>>> print(open('data.cif').read())   # mmCIF, C-alpha atoms
data_work
loop_
_atom_site.group_PDB
_atom_site.id
_atom_site.type_symbol
_atom_site.label_atom_id
_atom_site.label_comp_id
_atom_site.auth_asym_id
_atom_site.auth_seq_id
_atom_site.Cartn_x
_atom_site.Cartn_y
_atom_site.Cartn_z
ATOM 1 C CA MET A 251 -15.713 3.884 -19.763
ATOM 2 C CA SER A 252 -12.494 1.975 -20.368
ATOM 3 C CA ARG A 253 -11.739 0.329 -23.700
ATOM 4 C CA GLY A 254 -11.821 -3.148 -22.118
ATOM 5 C CA VAL A 255 -15.233 -2.573 -20.539
ATOM 6 C CA PHE A 256 -16.526 -1.245 -23.860
ATOM 7 C CA LEU A 257 -15.280 -4.419 -25.591
ATOM 8 C CA LEU A 258 -16.901 -6.665 -22.992
ATOM 9 C CA ASP A 259 -20.190 -4.797 -23.452
ATOM 10 C CA LYS A 260 -19.835 -5.448 -27.172
ATOM 11 C CA ALA A 261 -19.209 -9.147 -26.456
ATOM 12 C CA VAL A 262 -22.411 -9.282 -24.390
ATOM 13 C CA ASP A 263 -24.351 -7.744 -27.276
ATOM 14 C CA ILE A 264 -22.872 -10.289 -29.685
ATOM 15 C CA ALA A 265 -23.772 -13.134 -27.314
ATOM 16 C CA TYR A 266 -27.426 -12.038 -27.392
ATOM 17 C CA ARG A 267 -27.311 -11.858 -31.197
ATOM 18 C CA GLU A 268 -25.729 -15.314 -31.282
ATOM 19 C CA MET A 269 -28.524 -16.676 -29.100
ATOM 20 C CA THR A 270 -31.131 -15.163 -31.417
ATOM 21 C CA ALA A 271 -29.409 -16.677 -34.459
ATOM 22 C CA LEU A 272 -29.440 -20.114 -32.811
ATOM 23 C CA GLU A 273 -33.109 -19.762 -31.890
ATOM 24 C CA MET A 274 -33.916 -18.790 -35.488
ATOM 25 C CA GLY A 275 -31.958 -21.734 -36.878
ATOM 26 C CA ASP A 276 -29.298 -19.555 -38.502
ATOM 27 C CA TYR A 277 -26.382 -21.739 -37.415
ATOM 28 C CA ASP A 278 -23.839 -20.211 -39.791
ATOM 29 C CA ALA A 279 -24.503 -16.742 -38.414
ATOM 30 C CA ALA A 280 -24.336 -18.078 -34.849
ATOM 31 C CA ALA A 281 -20.938 -19.644 -35.536
ATOM 32 C CA LYS A 282 -19.599 -16.399 -37.003
ATOM 33 C CA LEU A 283 -20.926 -14.438 -34.045
ATOM 34 C CA ALA A 284 -19.305 -16.893 -31.622
ATOM 35 C CA ASP A 285 -15.972 -16.348 -33.357
ATOM 36 C CA GLN A 286 -16.436 -12.567 -33.191
ATOM 37 C CA ARG A 287 -17.341 -12.763 -29.511
ATOM 38 C CA ASP A 288 -14.238 -14.819 -28.765
ATOM 39 C CA GLU A 289 -12.003 -12.362 -30.586
ATOM 40 C CA ILE A 290 -13.514 -9.367 -28.789
ATOM 41 C CA ILE A 291 -13.112 -11.018 -25.385
ATOM 42 C CA ASN A 292 -9.456 -11.689 -26.205
ATOM 43 C CA GLN A 293 -9.044 -8.037 -27.179
ATOM 44 C CA ALA A 294 -10.640 -6.974 -23.889
ATOM 45 C CA TRP A 295 -8.130 -9.055 -21.943
ATOM 46 C CA SER A 296 -5.257 -7.477 -23.836
ATOM 47 C CA VAL A 297 -6.264 -4.000 -22.643
ATOM 48 C CA LEU A 298 -7.163 -4.977 -19.067
ATOM 49 C CA GLU A 299 -7.033 -1.986 -16.781
ATOM 50 C CA THR A 300 -6.585 -2.572 -13.066
ATOM 51 C CA ASP A 301 -8.766 0.391 -12.096
ATOM 52 C CA ALA A 302 -11.792 -1.161 -13.836
ATOM 53 C CA THR A 303 -11.729 -4.636 -12.263
ATOM 54 C CA ASP A 304 -15.204 -4.330 -10.723
ATOM 55 C CA GLN A 305 -16.635 -3.336 -14.101
ATOM 56 C CA TYR A 306 -14.791 -6.216 -15.759
ATOM 57 C CA ARG A 307 -16.102 -8.625 -13.150
ATOM 58 C CA ALA A 308 -19.707 -7.549 -13.687
ATOM 59 C CA ARG A 309 -19.434 -8.000 -17.455
ATOM 60 C CA LEU A 310 -17.645 -11.331 -17.119
ATOM 61 C CA VAL A 311 -20.308 -12.671 -14.752
ATOM 62 C CA ASN A 312 -22.939 -11.661 -17.309
ATOM 63 C CA LEU A 313 -20.946 -13.284 -20.122
ATOM 64 C CA THR A 314 -20.614 -16.477 -18.078
ATOM 65 C CA ARG A 315 -24.370 -16.648 -17.607
ATOM 66 C CA LEU A 316 -24.925 -16.022 -21.302
ATOM 67 C CA GLN A 317 -22.353 -18.677 -22.200
ATOM 68 C CA ASP A 318 -24.212 -21.174 -20.012
ATOM 69 C CA ARG A 319 -27.444 -20.358 -21.842
ATOM 70 C CA LEU A 320 -25.718 -20.576 -25.230
ATOM 71 C CA THR A 321 -24.201 -23.936 -24.347
ATOM 72 C CA ALA A 322 -27.587 -25.288 -23.289
ATOM 73 C CA LEU A 323 -29.180 -23.986 -26.493
ATOM 74 C CA LYS A 324 -26.396 -25.468 -28.625
ATOM 75 C CA ASP A 325 -26.891 -28.816 -26.871
ATOM 76 C CA ILE A 326 -30.593 -28.725 -27.730
ATOM 77 C CA VAL A 327 -29.816 -27.890 -31.364
ATOM 78 C CA ARG A 328 -27.185 -30.646 -31.579
ATOM 79 C CA ASP A 329 -29.561 -33.197 -30.050
ATOM 80 C CA GLY A 330 -32.301 -32.178 -32.468
ATOM 81 C CA LEU A 331 -29.976 -32.529 -35.434
ATOM 82 C CA GLN A 332 -28.803 -35.946 -34.259
ATOM 83 C CA HIS A 333 -32.397 -37.058 -33.778
ATOM 84 C CA SER A 334 -33.360 -35.901 -37.274
ATOM 85 C CA ARG A 335 -30.414 -37.811 -38.759
ATOM 86 C CA LEU A 336 -31.541 -40.980 -36.999
ATOM 87 C CA GLU A 337 -35.031 -40.602 -38.479
ATOM 88 C CA LYS A 338 -33.648 -40.588 -42.038
#
>>> encode(input="data.cif", output="structure tokens")
Amino acid sequence: MSRGVFLLDKAVDIAYREMTALEMGDYDAAAKLADQRDEIINQAWSVLETDATDQYRARLVNLTRLQDRLTALKDIVRDGLQHSRLEK
């Protein structure tokens, strides 16, 4: 397995951990994980290998789906926080 593919697999794992942190209400941990995920994806791009493009594509499609889910979850959290502020 290429270094870039390994890094993208790691980014996928972090995305799942980030989603769990958001679901558990651990927003600080989720923010740190998002930063880690971003850094790892940037590292993966820096070592892109042309012979592994299909593997990259598969991981990136998965990351895109996870990012969509994370964005939706973050929107729900943000809306909930705004609603609770309005109640105070």
>>> residues_around(input="data.cif", residues="region 314-323 of chain A", least_positions_apart="4", cutoff="9 Å", atoms="only C-alpha atoms", output="number ranges by chain")
A: 262, 265-266, 268-269, 272-273, 309-310, 327-328
>>> resolve_selection(input="data.cif", expression="the PyMOL selection byres ((chain A and resi 283) around 12)", output="JSON, numbers by chain")
{"A": [260, 261, 262, 263, 264, 265, 266, 267, 268, 269, 270, 271, 272, 276, 277, 278, 279, 280, 281, 282, 284, 285, 286, 287, 288, 289, 290, 320]}
>>> atom_distance(input="data.cif", atom1="CA of Arg307 (chain A)", atom2="CA of Gln293 (chain A)")
15.7 Å
>>> residues_near_point(input="data.cif", point="(-14.9, -2.3, -18.7)", cutoff="9 Å", atoms="all atoms listed in the file", output="ChimeraX atom specification")
/A:251-259,294,298-299,302-309
>>> atom_distance(input="data.cif", atom1="CA of Ile291 (chain A)", atom2="CA of Gly275 (chain A)")
24.5 Å
>>> axis_aligned_box(input="data.cif", around="region 287-295 of chain A", padding_each_side="6 Å", output="AutoDock Vina command-line options")
--center_x -12.7 --center_y -10.9 --center_z -26.3 --size_x 21.2 --size_y 19.8 --size_z 20.6
>>> atom_distance(input="data.cif", atom1="CA of Met274 (chain A)", atom2="CA of Leu331 (chain A)")
14.3 Å
